[in-house]
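Participant: The structure file coords-v3.cif (mmCIF, C-alpha atoms) is provided below.
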```cif
data_my_file
#
loop_
_atom_site.label_atom_id
_atom_site.label_comp_id
_atom_site.auth_asym_id
_atom_site.auth_seq_id
_atom_site.Cartn_x
_atom_site.Cartn_y
_atom_site.Cartn_z
CA MET A 265 49.45 -95.25 19.95
CA SER A 266 50.85 -93.77 16.74
CA VAL A 267 48.92 -92.28 13.84
CA ILE A 268 49.51 -91.78 10.14
CA ALA A 269 47.29 -89.93 7.69
CA LEU A 270 45.76 -91.82 4.78
CA ARG A 271 45.30 -90.29 1.35
CA TYR A 272 41.86 -90.65 -0.22
CA LEU A 273 41.97 -91.26 -3.96
CA ARG A 274 39.13 -91.71 -6.42
CA SER A 275 40.20 -93.41 -9.63
CA ARG A 276 38.94 -92.07 -12.92
CA ASN A 277 37.32 -95.30 -14.04
CA ALA A 278 34.70 -97.28 -12.16
CA THR A 279 36.73 -100.44 -11.67
CA GLY A 280 38.82 -100.69 -8.61
CA ASN A 281 39.79 -102.35 -5.45
CA THR A 282 37.75 -105.19 -4.06
CA LEU A 283 40.82 -106.94 -2.65
CA LEU A 284 39.15 -109.67 -0.61
CA SER A 285 41.09 -112.93 -0.84
CA SER A 286 38.68 -115.77 -1.42
CA THR A 287 38.08 -118.90 -3.44
CA GLU A 288 34.73 -117.39 -4.42
CA GLN A 289 34.26 -114.98 -7.29
CA LEU A 290 33.50 -111.43 -6.18
CA THR A 291 32.33 -108.45 -8.17
CA ASP A 292 35.05 -105.82 -8.55
CA VAL A 293 33.35 -102.45 -9.01
CA SER A 294 34.88 -100.25 -6.32
CA ASN A 295 36.35 -96.88 -7.19
CA THR A 296 38.01 -95.40 -4.10
CA GLN A 297 41.25 -96.25 -2.40
CA TYR A 298 42.94 -95.11 0.83
CA LEU A 299 46.73 -94.96 0.58
CA GLY A 300 49.15 -94.83 3.51
CA LYS A 301 52.93 -94.63 3.63
CA ILE A 302 55.29 -97.35 4.83
CA SER A 303 59.07 -97.46 4.77
CA VAL A 304 60.68 -100.42 3.00
CA GLY A 305 64.31 -101.51 3.14
CA THR A 306 67.53 -100.08 4.60
CA PRO A 307 67.78 -97.15 4.19
CA GLY A 308 64.04 -96.84 4.06
CA GLN A 309 62.20 -96.13 0.82
CA SER A 310 58.82 -94.43 1.30
CA LEU A 311 56.02 -96.18 -0.59
CA GLU A 312 52.24 -95.81 -0.60
CA VAL A 313 50.16 -98.94 -0.08
CA ILE A 314 46.53 -99.85 0.49
CA PHE A 315 45.89 -101.03 4.06
CA ASP A 316 43.67 -104.06 3.44
CA THR A 317 41.87 -105.92 6.24
CA GLY A 318 40.51 -108.41 3.69
CA SER A 319 43.87 -110.06 2.86
CA SER A 320 47.01 -111.10 4.75
CA ASP A 321 49.95 -110.67 2.37
CA LEU A 322 52.23 -107.76 1.57
CA TRP A 323 53.14 -107.15 -2.05
CA LEU A 324 54.90 -104.34 -3.88
CA ARG A 325 55.52 -103.55 -7.53
CA GLY A 326 59.09 -104.27 -8.47
CA ASP A 327 59.38 -101.08 -10.51
CA VAL A 328 58.71 -98.81 -7.51
CA PHE A 329 60.97 -100.54 -4.96
CA ALA A 330 64.72 -100.43 -5.65
CA ALA A 331 65.87 -103.71 -4.12
CA ALA A 332 69.49 -103.10 -5.17
CA ASP A 333 69.61 -100.00 -2.94
CA SER A 334 68.65 -101.85 0.24
CA SER A 335 71.19 -103.61 2.45
CA SER A 336 68.46 -105.64 4.20
CA PHE A 337 66.96 -107.14 1.03
CA VAL A 338 66.93 -110.96 0.87
CA ASP A 339 65.88 -112.86 -2.26
CA LEU A 340 64.32 -116.16 -1.14
CA GLU A 341 64.69 -117.53 -4.69
CA ALA A 342 61.10 -118.69 -4.80
CA GLU A 343 57.81 -117.56 -6.24
CA ALA A 344 54.37 -117.32 -4.66
CA SER A 345 50.93 -116.12 -5.67
CA VAL A 346 47.89 -114.49 -4.11
CA VAL A 347 44.38 -114.68 -5.55
CA TYR A 348 42.07 -111.71 -5.08
CA GLY A 349 38.36 -112.11 -5.59
CA GLY A 350 38.79 -115.70 -6.72
CA GLN A 351 39.67 -114.52 -10.21
CA VAL A 352 42.61 -112.10 -10.05
CA PRO A 353 45.84 -114.10 -9.57
CA LEU A 354 48.88 -112.13 -8.53
CA GLN A 355 52.25 -113.85 -8.87
CA GLY A 356 55.70 -112.59 -8.00
CA LYS A 357 59.10 -113.16 -6.46
CA LEU A 358 59.14 -114.07 -2.76
CA VAL A 359 61.58 -111.91 -0.79
CA GLN A 360 62.24 -110.64 2.72
CA GLU A 361 62.70 -107.02 3.72
CA THR A 362 62.55 -104.61 6.65
CA ILE A 363 59.20 -102.78 6.91
CA THR A 364 58.53 -99.74 9.10
CA LEU A 365 55.00 -98.53 9.81
CA CYS A 366 54.49 -95.60 12.18
CA ASP A 367 57.02 -96.37 14.94
CA ALA A 368 56.94 -100.18 14.47
CA ARG A 369 59.85 -101.80 12.64
CA CYS A 370 59.55 -105.40 11.38
CA SER A 371 62.65 -107.16 10.12
CA SER A 372 62.64 -110.16 7.77
CA GLN A 373 59.10 -109.53 6.58
CA SER A 374 58.12 -111.85 3.74
CA MET A 375 56.50 -110.17 0.76
CA LEU A 376 55.96 -110.44 -2.98
CA LEU A 377 57.66 -108.31 -5.60
CA VAL A 378 55.33 -108.35 -8.59
CA PRO A 379 55.92 -107.16 -12.16
CA ALA A 380 55.04 -103.64 -13.23
CA GLY A 381 51.48 -103.41 -14.46
CA SER A 382 50.13 -106.09 -12.12
CA MET A 383 46.57 -105.32 -10.92
CA PRO A 384 46.36 -102.01 -12.81
CA SER A 385 43.15 -101.08 -10.98
CA VAL A 386 45.24 -100.66 -7.81
CA VAL A 387 46.83 -97.22 -8.09
CA ALA A 388 49.05 -97.72 -5.02
CA ASP A 389 52.61 -99.08 -4.95
CA GLY A 390 51.24 -102.26 -3.37
CA VAL A 391 48.96 -103.71 -0.72
CA LEU A 392 49.60 -104.36 2.97
CA GLY A 393 47.35 -107.20 4.14
CA LEU A 394 46.06 -106.90 7.71
CA ALA A 395 43.80 -109.97 7.96
CA MET A 396 44.41 -113.21 9.89
CA PRO A 397 47.33 -115.61 9.25
CA GLY A 398 44.99 -118.24 7.80
CA LEU A 399 44.82 -116.25 4.56
CA SER A 400 48.57 -115.84 4.12
CA HIS A 401 50.32 -117.18 1.02
CA THR A 402 53.78 -115.77 1.78
CA GLY A 403 54.59 -116.92 5.32
CA MET A 404 54.57 -114.94 8.55
CA THR A 405 52.24 -111.95 8.26
CA PHE A 406 52.89 -108.35 9.16
CA LEU A 407 50.32 -108.59 11.98
CA GLN A 408 52.19 -111.55 13.45
CA HIS A 409 55.39 -109.53 13.45
CA LEU A 410 53.58 -106.68 15.22
CA GLU A 411 52.13 -109.03 17.83
CA GLY A 412 55.66 -110.26 18.51
CA GLN A 413 56.45 -106.67 19.55
CA GLY A 414 53.40 -106.46 21.79
CA ILE A 415 51.28 -104.48 19.29
CA ASP A 416 47.97 -106.28 18.86
CA ARG A 417 45.55 -103.46 17.98
CA PHE A 418 45.03 -101.02 15.14
CA ALA A 419 42.15 -98.84 13.99
CA PHE A 420 40.77 -96.91 11.03
CA ALA A 421 39.17 -93.47 11.12
CA LEU A 422 38.17 -92.96 7.49
CA SER A 423 36.55 -89.91 5.93
CA GLY A 424 35.69 -88.81 2.42
CA PRO A 425 37.64 -86.34 0.26
CA ASP A 426 36.66 -83.31 2.37
CA ALA A 427 38.24 -84.48 5.64
CA GLU A 428 41.33 -86.34 6.83
CA SER A 429 41.54 -90.10 7.26
CA PHE A 430 43.83 -91.93 9.67
CA PHE A 431 45.34 -95.32 10.44
CA ILE A 432 46.02 -95.74 14.16
CA LEU A 433 48.55 -98.27 15.41
CA GLY A 434 47.57 -99.29 18.92
CA MET A 435 44.40 -98.50 20.86
CA PRO A 436 42.90 -95.10 19.92
CA GLY A 437 42.55 -92.54 22.69
CA THR A 438 39.08 -91.82 24.00
CA ASP A 439 39.09 -88.46 22.21
CA TRP A 440 38.63 -90.35 18.93
CA TYR A 441 35.23 -91.84 19.76
CA GLN A 442 32.13 -91.69 21.95
CA THR A 443 33.08 -94.08 24.73
CA SER A 444 29.48 -94.97 25.55
CA SER A 445 28.95 -96.22 21.98
CA LEU A 446 31.92 -98.62 21.87
CA ARG A 447 30.84 -102.22 21.27
CA TRP A 448 33.23 -105.17 21.22
CA THR A 449 32.26 -108.30 19.31
CA PRO A 450 34.30 -111.49 18.79
CA SER A 451 35.59 -112.40 15.36
CA SER A 452 33.41 -115.13 13.89
CA SER A 453 36.30 -116.40 11.75
CA PRO A 454 39.35 -115.88 13.98
CA ASP A 455 41.80 -117.66 11.69
CA ARG A 456 40.86 -115.82 8.48
CA TRP A 457 38.58 -112.78 8.41
CA TRP A 458 37.81 -109.75 10.52
CA SER A 459 34.15 -110.77 10.67
CA PHE A 460 31.33 -110.78 13.21
CA GLN A 461 27.70 -111.76 13.67
CA GLY A 462 25.20 -108.92 13.29
CA GLU A 463 22.07 -107.65 11.59
CA LEU A 464 21.44 -105.29 8.70
CA VAL A 465 18.62 -102.91 9.60
CA VAL A 466 16.54 -100.28 7.80
CA LYS A 467 14.57 -97.85 9.97
CA LYS A 468 15.70 -100.00 12.91
CA HIS A 469 13.97 -103.10 11.46
CA ALA A 470 16.21 -106.10 10.72
CA ILE A 471 16.16 -107.36 7.14
CA LEU A 472 19.15 -109.70 7.34
CA SER A 473 21.04 -111.58 10.07
CA GLY A 474 24.37 -113.30 9.61
CA GLU A 475 28.09 -112.81 9.17
CA PHE A 476 29.54 -109.39 8.32
CA LEU A 477 33.09 -109.00 7.05
CA LEU A 478 34.87 -105.70 7.76
CA ASP A 479 37.09 -105.03 4.74
CA SER A 480 39.05 -101.83 4.14
CA GLY A 481 40.03 -103.14 0.68
CA THR A 482 36.44 -102.87 -0.56
CA SER A 483 34.85 -99.50 -1.20
CA PHE A 484 31.15 -100.33 -1.03
CA ILE A 485 28.71 -102.44 0.95
CA ALA A 486 28.51 -105.84 -0.76
CA VAL A 487 25.47 -108.12 -0.43
CA SER A 488 23.97 -110.99 -2.43
CA SER A 489 22.04 -110.06 -5.57
CA SER A 490 18.71 -111.05 -4.02
CA MET A 491 19.44 -109.02 -0.89
CA GLN A 492 20.53 -106.02 -2.96
CA GLU A 493 17.08 -105.71 -4.55
CA ARG A 494 15.35 -106.21 -1.20
CA LEU A 495 17.59 -103.64 0.45
CA LEU A 496 16.90 -101.14 -2.32
CA ARG A 497 13.13 -101.51 -1.88
CA ARG A 498 13.42 -101.00 1.88
CA MET A 499 15.74 -98.02 1.54
CA LEU A 500 13.63 -96.32 -1.13
CA PRO A 501 10.09 -97.69 -0.82
CA GLU A 502 8.64 -94.85 -2.92
CA ALA A 503 11.47 -94.32 -5.41
CA SER A 504 13.25 -97.65 -5.98
CA GLU A 505 11.74 -97.92 -9.48
CA ARG A 506 13.70 -94.80 -10.44
CA CYS A 507 16.99 -96.71 -9.94
CA TYR A 508 18.52 -99.14 -12.42
CA LEU A 509 21.46 -101.56 -12.68
CA ASN A 510 23.94 -100.33 -15.28
CA SER A 511 26.30 -102.34 -17.47
CA GLY A 512 29.03 -102.04 -14.85
CA ASN A 513 26.82 -103.80 -12.29
CA LEU A 514 26.31 -100.58 -10.35
CA PHE A 515 22.95 -99.36 -9.10
CA MET A 516 22.32 -95.82 -10.36
CA CYS A 517 19.72 -93.59 -8.71
CA PRO A 518 18.70 -89.96 -9.31
CA CYS A 519 20.55 -87.89 -6.73
CA ASP A 520 17.32 -86.24 -5.61
CA VAL A 521 16.13 -89.49 -3.97
CA GLY A 522 18.50 -88.82 -1.06
CA PRO A 523 15.94 -87.08 1.19
CA GLN A 524 13.53 -90.00 0.68
CA MET A 525 16.09 -92.68 1.56
CA HIS A 526 15.74 -94.47 4.89
CA HIS A 527 18.92 -94.86 6.90
CA VAL A 528 20.66 -98.23 6.78
CA GLY A 529 22.47 -99.52 9.85
CA VAL A 530 24.36 -102.48 11.26
CA LEU A 531 23.23 -103.85 14.60
CA VAL A 532 26.16 -105.06 16.71
CA GLU A 533 25.90 -106.13 20.35
CA GLY A 534 22.72 -104.10 20.87
CA GLU A 535 23.99 -100.93 19.17
CA ILE A 536 22.96 -99.69 15.70
CA PHE A 537 25.62 -97.95 13.58
CA GLU A 538 23.82 -96.06 10.82
CA MET A 539 24.88 -94.86 7.39
CA THR A 540 23.12 -91.78 6.06
CA SER A 541 21.83 -91.32 2.53
CA SER A 542 24.70 -88.91 1.82
CA SER A 543 27.21 -91.68 2.60
CA LEU A 544 25.41 -94.22 0.40
CA LEU A 545 24.93 -92.03 -2.68
CA THR A 546 27.97 -90.82 -4.63
CA PRO A 547 27.39 -88.30 -7.47
CA SER A 548 28.29 -89.65 -10.90
CA ASP A 549 27.14 -86.54 -12.78
CA ASP A 550 24.73 -83.67 -12.21
CA PHE A 551 21.71 -85.99 -12.11
CA TRP A 552 22.74 -89.59 -11.35
CA CYS A 553 24.34 -91.00 -8.20
CA VAL A 554 25.93 -94.38 -7.56
CA LEU A 555 24.24 -96.36 -4.80
CA GLU A 556 27.21 -97.76 -2.87
CA VAL A 557 25.78 -101.27 -2.57
CA GLN A 558 27.28 -103.90 -4.86
CA GLN A 559 26.40 -107.52 -5.62
CA LEU A 560 27.98 -110.72 -4.34
CA PRO A 561 27.23 -114.33 -5.23
CA GLU A 562 24.75 -116.07 -2.95
CA GLY A 563 26.12 -117.65 0.22
CA LEU A 564 28.91 -115.17 0.96
CA PRO A 565 28.94 -112.91 4.04
CA VAL A 566 27.95 -109.28 3.78
CA ILE A 567 31.07 -107.17 3.18
CA LEU A 568 31.25 -103.81 4.93
CA GLY A 569 33.69 -101.68 2.97
CA ASP A 570 34.70 -98.03 3.15
CA THR A 571 31.09 -96.85 2.89
CA PHE A 572 30.49 -98.29 6.35
CA LEU A 573 33.97 -97.63 7.73
CA ARG A 574 33.54 -93.90 7.10
CA SER A 575 30.62 -93.89 9.54
CA VAL A 576 32.45 -95.44 12.52
CA LEU A 577 35.75 -95.80 14.30
CA ALA A 578 36.74 -99.43 13.66
CA ILE A 579 39.18 -101.10 16.06
CA PHE A 580 40.85 -104.44 15.26
CA ASP A 581 42.09 -106.39 18.28
CA GLY A 582 44.24 -109.42 17.50
CA GLY A 583 43.27 -111.10 20.75
CA LYS A 584 46.77 -111.64 22.10
CA PHE A 585 45.27 -113.25 25.18
CA GLY A 586 42.11 -114.67 23.62
CA THR A 587 39.85 -114.58 20.58
CA PRO A 588 40.35 -111.74 18.08
CA ARG A 589 37.61 -109.13 18.31
CA ILE A 590 36.32 -106.02 16.58
CA GLY A 591 35.36 -102.76 18.26
CA LEU A 592 32.94 -100.30 16.67
CA ALA A 593 32.20 -96.83 18.00
CA ARG A 594 30.78 -93.53 16.87
CA ARG A 595 33.41 -91.01 15.86
CA THR A 596 34.25 -87.72 17.54
CA THR A 597 37.42 -86.85 15.58
CA GLY A 598 37.75 -86.35 11.85
CA SER A 599 34.41 -88.00 11.13
CA LEU A 600 32.62 -85.09 9.45
CA SER A 601 33.30 -83.48 6.13
CA THR A 602 33.69 -79.74 5.90
CA THR A 603 30.11 -79.38 4.63
CA GLU A 604 28.72 -81.60 7.37
CA ARG A 605 30.55 -79.64 10.06
CA TRP A 606 28.85 -76.40 8.98
CA ASN A 607 25.46 -78.12 9.04
CA GLN A 608 25.83 -79.25 12.65
CA PRO A 609 24.09 -77.23 15.43
CA PRO A 610 26.58 -75.27 17.59
CA THR A 611 27.97 -77.04 20.62
CA LEU A 612 27.58 -75.47 24.07
CA PRO A 613 31.11 -73.91 24.09
CA GLU A 614 30.54 -72.52 20.59
CA PHE A 615 27.16 -71.08 21.67
CA VAL A 616 28.72 -69.43 24.76
CA LEU A 617 31.51 -67.87 22.67
CA LEU A 618 28.99 -66.57 20.13
CA PHE A 619 26.84 -65.08 22.91
CA LEU A 620 29.85 -63.39 24.54
CA ALA A 621 30.98 -61.95 21.20
CA LEU A 622 27.55 -60.46 20.54
CA ALA A 623 27.33 -59.15 24.11
CA MET A 624 30.72 -57.43 23.81
CA ALA A 625 29.69 -55.89 20.49
CA PHE A 626 26.45 -54.64 22.06
CA LEU A 627 28.23 -53.12 25.07
CA THR A 628 30.84 -51.45 22.90
CA LEU A 629 28.27 -49.86 20.64
CA THR A 630 26.08 -48.85 23.57
CA PHE A 631 29.06 -47.21 25.28
CA ARG A 632 29.82 -45.24 22.15
CA CYS A 633 26.18 -44.20 21.95
CA CYS A 634 26.02 -42.99 25.54
CA ARG A 635 29.15 -40.85 25.17
CA SER A 636 27.85 -39.14 22.07
CA GLU A 637 26.12 -35.74 22.40
CA ARG A 638 24.24 -36.10 19.14
CA PRO A 639 20.85 -37.81 19.59
CA VAL A 640 20.80 -38.91 15.98
CA LYS A 641 23.70 -41.26 16.77
CA THR A 642 21.39 -43.47 18.84
CA GLU A 643 19.41 -44.48 15.77
CA SER A 644 22.63 -44.96 13.85
CA VAL A 645 24.02 -47.30 16.50
CA SER A 646 20.73 -49.15 16.67
CA SER A 647 20.84 -49.73 12.92
CA GLU A 648 24.42 -50.96 13.13
CA TYR A 649 23.49 -53.42 15.87
CA ARG A 650 20.48 -54.74 13.96
CA ALA A 651 22.72 -55.25 10.93
CA LEU A 652 25.27 -57.05 13.11
CA ARG A 653 22.60 -59.38 14.52
CA ALA A 654 21.19 -60.05 11.07
CA ALA A 655 24.67 -60.95 9.80
#
```
For this file, write the structure as structure tokens.

Facilitator:
Amino acid sequence: MSVIALRYLRSRNATGNTLLSSTEQLTDVSNTQYLGKISVGTPGQSLEVIFDTGSSDLWLRGDVFAAADSSSFVDLEAEASVVYGGQVPLQGKLVQETITLCDARCSSQSMLLVPAGSMPSVVADGVLGLAMPGLSHTGMTFLQHLEGQGIDRFAFALSGPDAESFFILGMPGTDWYQTSSLRWTPSSSPDRWWSFQGELVVKKHAILSGEFLLDSGTSFIAVSSSMQERLLRRMLPEASERCYLNSGNLFMCPCDVGPQMHHVGVLVEGEIFEMTSSSLLTPSDDFWCVLEVQQLPEGLPVILGDTFLRSVLAIFDGGKFGTPRIGLARRTTGSLSTTERWNQPPTLPEFVLLFLALAMAFLTLTFRCCRSERPVKTESVSSEYRALRAA
């Protein structure tokens, strides 16, 4: 197992990074991206890319990668294209290069070099596709190269801006998650998507059953337009009329509806993985929040983007000896923001340490009191101790 930190970035505008490759048109309204570093070429050039489980190709902007400085660069003298969201074509020069991620080194990796300014909503140097080979437009995928080296698992441990996020190459250690909560489920589209069969639940009551696609290239939860309205009514039965759909196709709600919002979860193999109201509402200004649920055309699977991924540890198993599968578990490492950590009740070790500290302070002050010959000091010590306890 090797780990690299991902950088959380919120773009200034509200258009962003729904990178799902599909022949269907998808709404592109995301506004957060997670960037990780890879090394490209020989000697290696460090570049930041989006790690995208919704596509299979690697592409880089030609203005950020200096091909002339790499001895391993091969121009295949061909062009290829990738289509994101059914409406965003991306065309470039097809080349081969050496790619290093964590401690894995892949030679002769096919990729696209695209012109500067391509997909301006993507603020990274490019995109590293981590989906199945059936979606590839450029040849052998990066995952296939990894599997050739015996590496068939990776994982995401995403957090918001107040905590660290990580990409894990290999199987995460048990210190990353609650082992009793881990659920494995087979991929329902093993040649294309990281998807599975599950249920969307509100207050532990199912409102939708079907296919769910786990996509790190999408920021929000994406459902059909009819399901979005139904989900909103279930989440906010007493306040849904206070929300509205803005011109950017985003649902806006007053931020004070958070305490009234019912938790939304995904039921997988008998386990419910919930998202809290704080993870579903993102402040837009002092009054309005964005509800992180966006619309899809009818007939497409539910897409679980970063909103959901921040609530779990997600493990992607390529199924070297069988069907690809997805593992979901509750986090124990890096899953809470700084604010959330302070709001948690103290654990048993923390409680014991706090008790011992107070006991030592009490004994020290009592000892000082007993050694003093002035009776008035007793009241003084007592006041100090009450102040200490109150603090």

Participant: Residues near Arg497 in chain A, anyone? I mean within 12 Å using all atoms listed in the file, not counting same-chain ones fewer than 6 positions away, as JSON, numbers by chain.

Facilitator: {"A": [466, 471, 490, 491, 503, 504, 505, 506, 507, 524, 525, 526, 528]}

Participant: In Å, how far is it from CA of Ala395 in chain A to CA of Gly512 in chain A?

Facilitator: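 Answer for the CA of Ala395 in chain A to CA of Gly512 in chain A separation: 28.3 Å.
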
Participant: Could you expand the PyMOL selection byres ((chain A and resi 321) around 10) into the explicit residues it covers here, written as a list in words?

Facilitator: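 Applying the expression gives Ser285, Asp316, Gly318, Ser319, Ser320, Leu322, Trp323, Ser345, Val346, Ser374, Met375, Leu376, Val391, Leu392, Gly393, Leu394, Ala395, Met396, Pro397, Leu399, Ser400, His401, Thr402, Gly403, Met404, Thr405, Phe406 and Leu407 of chain A.
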
Participant: On this structure, the PyMOL selection byres ((chain A and resi 582) around 12) would catch which residues? List them as a count of residues only, sorted by chain and number.

Facilitator: 37

Participant: Can you tell me, as an MDAnalysis selection string, what residues are no more than 10 Å from Asp550 in chain A when counting all atoms listed in the file, ignoring any on the same chain fewer than 2 positions away?

Facilitator: chainID A and resid 518:519 547:548 552:553

Participant: Which one of A:Gly326, A:Val378, A:Ser429, A:Met383 sits closest to Val267 in chain A if you count only C-alpha atoms?

Facilitator: A:Ser429

Participant: Select, from A:Val532, A:Leu446, A:Tyr508, A:Pro436, the residue with the minimum atom-to-atom distance to Val465 in chain A, counting only C-alpha atoms.

Facilitator: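 Result for the nearest residue to Val465 in chain A: A:Val532.
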
Participant: For Gly437 in chain A, which residue out of A:Val530, A:Ala331, A:Ile268, A:Leu577 is the nearest one, using all atoms listed in the file?

Facilitator: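 Closest candidate: A:Leu577.
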
Participant: Go through the shown structure with the PyMOL selection byres ((chain A and resi 386-388) around 7) and write out the matching residues as number ranges by chain.

Facilitator: A: 280-281, 299, 312-314, 383-385, 389-390

Participant: Could those residues be written to a file, using C-alpha atoms, as a short mmCIF file (atom, residue, chain, number, x, y, z; two decimals), keeping the file's coordinate frame?

Facilitator:
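See out-v1.cif below for the written result:
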```cif
data_model
loop_
_atom_site.label_atom_id
_atom_site.label_comp_id
_atom_site.auth_asym_id
_atom_site.auth_seq_id
_atom_site.Cartn_x
_atom_site.Cartn_y
_atom_site.Cartn_z
CA GLY A 280 38.82 -100.69 -8.61
CA ASN A 281 39.79 -102.35 -5.45
CA LEU A 299 46.73 -94.96 0.58
CA GLU A 312 52.24 -95.81 -0.60
CA VAL A 313 50.16 -98.94 -0.08
CA ILE A 314 46.53 -99.85 0.49
CA MET A 383 46.57 -105.32 -10.92
CA PRO A 384 46.36 -102.01 -12.81
CA SER A 385 43.15 -101.08 -10.98
CA ASP A 389 52.61 -99.08 -4.95
CA GLY A 390 51.24 -102.26 -3.37
#
```

Participant: Within 8 Å of (63.2, -107.9, -0.2) (file coordinates; only C-alpha atoms), which protein or nucleic acid residues are there? I'd like them as a list in words.

Facilitator: Gly305, Ala331, Ser336, Phe337, Val338, Asp339, Leu358, Val359, Gln360, Glu361, Thr362, Ser374, Met375 and Leu377 of chain A

Participant: So which one's closest to Thr596 in chain A, A:Glu538, A:Val566, A:Ser445, A:Ala342? Using only C-alpha atoms, please.

Facilitator: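 Once distances to Thr596 in chain A are computed over only C-alpha atoms, the minimum belongs to A:Ser445.
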
Participant: Please compute the CA of Leu514 in chain A-CA of Gly569 in chain A distance, one decimal, in Å.

Facilitator: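 Separation of CA of Leu514 in chain A and CA of Gly569 in chain A: 15.3 Å.
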
Participant: If we count all atoms listed in the file, what is near Gly308 in chain A at a cut-off of 9 Å, once residues fewer than 6 positions away on the same chain are taken out, given as a PyMOL selection string?

Facilitator: chain A and resi 302+334+362-364

Participant: Expressed in Å to a single decimal, how great is the separation between CA of Val521 in chain A and CA of Leu495 in chain A?

Facilitator: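 Straight-line distance from CA of Val521 in chain A to CA of Leu495 in chain A works out to 14.9 Å.
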
Participant: Could you check which of A:Gln355, A:Ser423, A:Ser459, A:Gln492 is closest to Thr296 in chain A, using all atoms listed in the file?

Facilitator: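 That would be A:Ser423, the residue with the smallest distance to Thr296 in chain A.
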
Participant: Please complete range 351-366 of chain A so it has N, CA and C atoms, and hand it over as a compact mmCIF listing (two decimals), in the coordinates of the input.

Facilitator:
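After the write, selection-v5.txt holds the following:
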```
# COMPACT_ATOMS: atom_id res chain seq x y z
N GLN A 351 39.48 -114.56 -8.77
CA GLN A 351 39.67 -114.52 -10.21
C GLN A 351 40.85 -113.65 -10.64
N VAL A 352 41.51 -113.00 -9.70
CA VAL A 352 42.61 -112.10 -10.05
C VAL A 352 43.90 -112.65 -9.44
N PRO A 353 44.59 -113.56 -10.13
CA PRO A 353 45.84 -114.10 -9.57
C PRO A 353 46.97 -113.08 -9.65
N LEU A 354 47.75 -113.05 -8.61
CA LEU A 354 48.88 -112.13 -8.53
C LEU A 354 50.11 -112.95 -8.18
N GLN A 355 51.07 -113.01 -9.07
CA GLN A 355 52.25 -113.85 -8.87
C GLN A 355 53.50 -112.98 -8.90
N GLY A 356 54.46 -113.35 -8.05
CA GLY A 356 55.70 -112.59 -8.00
C GLY A 356 56.81 -113.32 -7.29
N LYS A 357 57.92 -112.61 -7.12
CA LYS A 357 59.10 -113.16 -6.46
C LYS A 357 58.94 -113.02 -4.95
N LEU A 358 59.23 -114.09 -4.22
CA LEU A 358 59.14 -114.07 -2.76
C LEU A 358 60.46 -113.58 -2.18
N VAL A 359 60.38 -112.51 -1.37
CA VAL A 359 61.58 -111.91 -0.79
C VAL A 359 61.32 -111.58 0.68
N GLN A 360 62.36 -111.14 1.35
CA GLN A 360 62.24 -110.64 2.72
C GLN A 360 62.84 -109.25 2.79
N GLU A 361 62.22 -108.39 3.62
CA GLU A 361 62.70 -107.02 3.72
C GLU A 361 62.28 -106.43 5.07
N THR A 362 62.89 -105.33 5.43
CA THR A 362 62.55 -104.61 6.65
C THR A 362 61.43 -103.61 6.33
N ILE A 363 60.35 -103.65 7.12
CA ILE A 363 59.20 -102.78 6.91
C ILE A 363 58.99 -101.93 8.17
N THR A 364 58.81 -100.65 7.99
CA THR A 364 58.53 -99.74 9.10
C THR A 364 57.19 -99.06 8.86
N LEU A 365 56.31 -99.16 9.85
CA LEU A 365 55.00 -98.53 9.81
C LEU A 365 54.81 -97.76 11.10
N CYS A 366 54.55 -96.46 11.00
CA CYS A 366 54.49 -95.60 12.18
C CYS A 366 55.82 -95.75 12.92
```
